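Undergrad: What follows is upload15.tsv, TSV, C-alpha atoms.
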chain	number	residue	atom	x	y	z
A	299	MET	CA	0.00	0.00	0.00
A	300	ALA	CA	1.28	3.48	-0.79
A	301	THR	CA	2.21	5.72	2.09
A	302	ALA	CA	0.70	9.17	2.31
A	303	SER	CA	2.87	12.24	2.16
A	304	SER	CA	2.42	15.22	4.45
A	305	ALA	CA	0.15	16.87	1.86
A	306	GLY	CA	-2.13	13.83	1.75
A	307	TYR	CA	-0.93	12.57	-1.63
A	308	PRO	CA	0.62	9.14	-2.09
A	309	GLU	CA	4.38	8.98	-2.50
A	310	SER	CA	5.47	8.38	-6.07
A	311	GLY	CA	8.67	6.57	-5.16
A	312	ARG	CA	10.83	9.35	-6.65
A	313	SER	CA	13.01	11.45	-4.42
A	314	GLN	CA	12.21	15.11	-3.79
A	315	ALA	CA	15.23	16.14	-5.86
A	316	ALA	CA	14.03	14.09	-8.83
A	317	ARG	CA	10.54	15.61	-8.64
A	318	THR	CA	11.82	19.19	-8.63
A	319	GLU	CA	14.48	18.69	-11.31
A	320	ARG	CA	14.10	20.99	-14.29
A	321	ARG	CA	14.91	20.31	-17.89
A	322	MET	CA	18.45	21.44	-18.69
A	323	SER	CA	18.08	22.44	-22.35
A	324	ALA	CA	16.58	25.40	-24.15
A	325	GLU	CA	13.33	24.84	-26.04
A	326	THR	CA	14.44	26.53	-29.26
A	327	LYS	CA	17.48	26.08	-31.46
A	328	PRO	CA	20.10	28.78	-31.81
A	329	ALA	CA	19.19	31.26	-34.56
A	330	PHE	CA	21.88	30.12	-36.99
A	331	LYS	CA	20.57	26.53	-36.85
A	332	SER	CA	16.98	27.41	-37.76
A	333	THR	CA	15.37	27.27	-41.18
A	334	GLU	CA	13.97	30.78	-40.80
A	335	PHE	CA	17.51	32.15	-40.61
A	336	PHE	CA	18.40	30.71	-44.00
A	337	VAL	CA	15.10	31.89	-45.48
A	338	TYR	CA	15.83	35.36	-44.12
A	339	LEU	CA	19.32	35.38	-45.64
A	340	ALA	CA	17.98	34.16	-48.99
A	341	ALA	CA	15.29	36.87	-48.99
A	342	VAL	CA	17.83	39.60	-48.20
A	343	VAL	CA	20.14	38.42	-50.97
A	344	ALA	CA	17.21	38.18	-53.40
A	345	VAL	CA	16.09	41.75	-52.66
A	346	LEU	CA	19.59	43.17	-53.05
A	347	VAL	CA	20.29	41.22	-56.24
A	348	ALA	CA	16.93	42.22	-57.70
A	349	SER	CA	17.67	45.86	-56.95
A	350	ALA	CA	21.06	45.59	-58.65
A	351	VAL	CA	19.78	43.68	-61.68
A	352	VAL	CA	16.61	45.63	-62.41
A	353	GLY	CA	17.77	48.47	-64.53
A	354	ASN	CA	16.37	51.66	-65.87
A	355	ASP	CA	13.32	51.72	-68.10
A	356	PHE	CA	13.13	53.51	-71.45
A	357	ARG	CA	12.69	56.89	-69.70
A	358	ASP	CA	15.92	56.31	-67.72
A	359	VAL	CA	14.08	55.89	-64.42
A	360	ASP	CA	15.33	53.28	-61.92
A	361	ARG	CA	12.39	50.93	-61.32
A	362	PHE	CA	13.83	49.44	-58.10
A	363	PRO	CA	16.13	51.99	-56.44
A	364	ALA	CA	18.59	51.08	-53.70
A	365	ASP	CA	16.74	53.03	-51.00
A	366	GLN	CA	13.61	50.98	-51.64
A	367	ALA	CA	15.64	47.75	-51.54
A	368	TRP	CA	17.18	48.69	-48.20
A	369	LEU	CA	13.72	49.53	-46.85
A	370	TYR	CA	12.65	45.99	-47.75
A	371	VAL	CA	15.77	44.57	-46.10
A	372	THR	CA	14.93	46.55	-42.96
A	373	LEU	CA	11.37	45.21	-42.98
A	374	LEU	CA	12.68	41.66	-43.43
A	375	THR	CA	15.04	42.18	-40.50
A	376	VAL	CA	12.26	43.44	-38.23
A	377	GLY	CA	10.09	40.47	-39.22
A	378	TYR	CA	12.93	38.06	-38.54
A	379	MET	CA	13.63	39.59	-35.13
A	380	LEU	CA	9.94	39.37	-34.22
A	381	SER	CA	9.78	35.73	-35.27
A	382	ARG	CA	12.86	34.87	-33.19
A	383	GLY	CA	11.41	36.75	-30.24
A	384	LEU	CA	8.19	34.77	-30.46
A	385	ALA	CA	10.12	31.53	-30.82
A	386	LYS	CA	12.18	32.29	-27.70
A	387	CYS	CA	9.23	33.69	-25.74
A	388	GLY	CA	8.60	30.60	-23.62
A	389	SER	CA	12.04	29.07	-23.69
A	390	ARG	CA	14.38	28.87	-20.75
A	391	GLU	CA	18.11	29.03	-20.74
A	392	PRO	CA	20.08	26.09	-19.28
A	393	THR	CA	21.21	28.25	-16.34
A	394	ASP	CA	17.82	28.79	-14.68
A	395	ARG	CA	18.03	25.79	-12.34
A	396	THR	CA	16.68	25.85	-8.81
A	397	GLY	CA	19.37	25.86	-6.22
A	398	ALA	CA	22.09	26.99	-8.60
Could you write out this structure as structure tokens?

TA:
Amino acid sequence: MATASSAGYPESGRSQAARTERRMSAETKPAFKSTEFFVYLAAVVAVLVASAVVGNDFRDVDRFPADQAWLYVTLLTVGYMLSRGLAKCGSREPTDRTGA
């Protein structure tokens, strides 16, 4: 028969230290190991190459100027930072152990 603990619950057979042990790894991968990082890099390169390749039209007007390309790169960067922030939102670092 199981013995009752001081709180009235049966003992599980595990020690107190084993019951309070926390997981020692982070929930998300480092940024450079994630797929979204490589998609971000590919998108930045694509925007910059497209801006360099797209030339002037017949009226000698640049259809994709550099300032517009860098605006898109900035927007991509903000989106990437938001996605990484959401991915890390609930994760814990390996150093947040109890008793350490």

Undergrad: Calculated over all atoms listed in the file, which of the candidates A:Ser332, A:Ala350, A:Leu384, A:Val343 has the smallest distance to Asp365 in chain A?

TA: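 Among the listed residues, the smallest separation from Asp365 in chain A belongs to A:Ala350.
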
Undergrad: In Å, with one decimal, what is the gap from CA of Thr333 in chain A to CA of Val371 in chain A?

TA: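 Separating CA of Thr333 in chain A from CA of Val371 in chain A is a distance of 18.0 Å.
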
Undergrad: Just how far from CA of Leu374 in chain A is CA of Tyr338 in chain A, in Å to one decimal?

TA: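 CA of Tyr338 in chain A sits 7.1 Å away from CA of Leu374 in chain A.
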
Undergrad: Which is closer to Val347 in chain A than all the others in A:Phe335, A:Trp368, A:Tyr378, A:Phe330, using all atoms listed in the file?

TA: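 Ranking A:Phe335, A:Trp368, A:Tyr378, A:Phe330 by distance to Val347 in chain A, first place goes to A:Trp368.
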
Undergrad: If you measure from CA of Gly383 in chain A to CA of Ala329 in chain A, what distance in Å do you get, rounded to one decimal?

TA: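 Rounded to one decimal, the two atoms are 10.5 Å apart.
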
Undergrad: Smallest atom-to-atom distance to Arg361 in chain A: which of A:Val342, A:Leu373, A:Ala348, A:Lys386, using all atoms listed in the file?

TA: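 Result for the nearest residue to Arg361 in chain A: A:Ala348.
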
Undergrad: Just checking: using only C-alpha atoms, which residue out of A:Leu380, A:Ala385, A:Val359, A:Leu346 ends up closest to Pro328 in chain A?

TA: A:Ala385

Undergrad: Measuring atom to atom with all atoms listed in the file, identify which of A:Glu334, A:Ala340, A:Ala364, A:Val345 is nearest to Gly377 in chain A.

TA: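 Smallest distance to Gly377 in chain A is found for A:Glu334.
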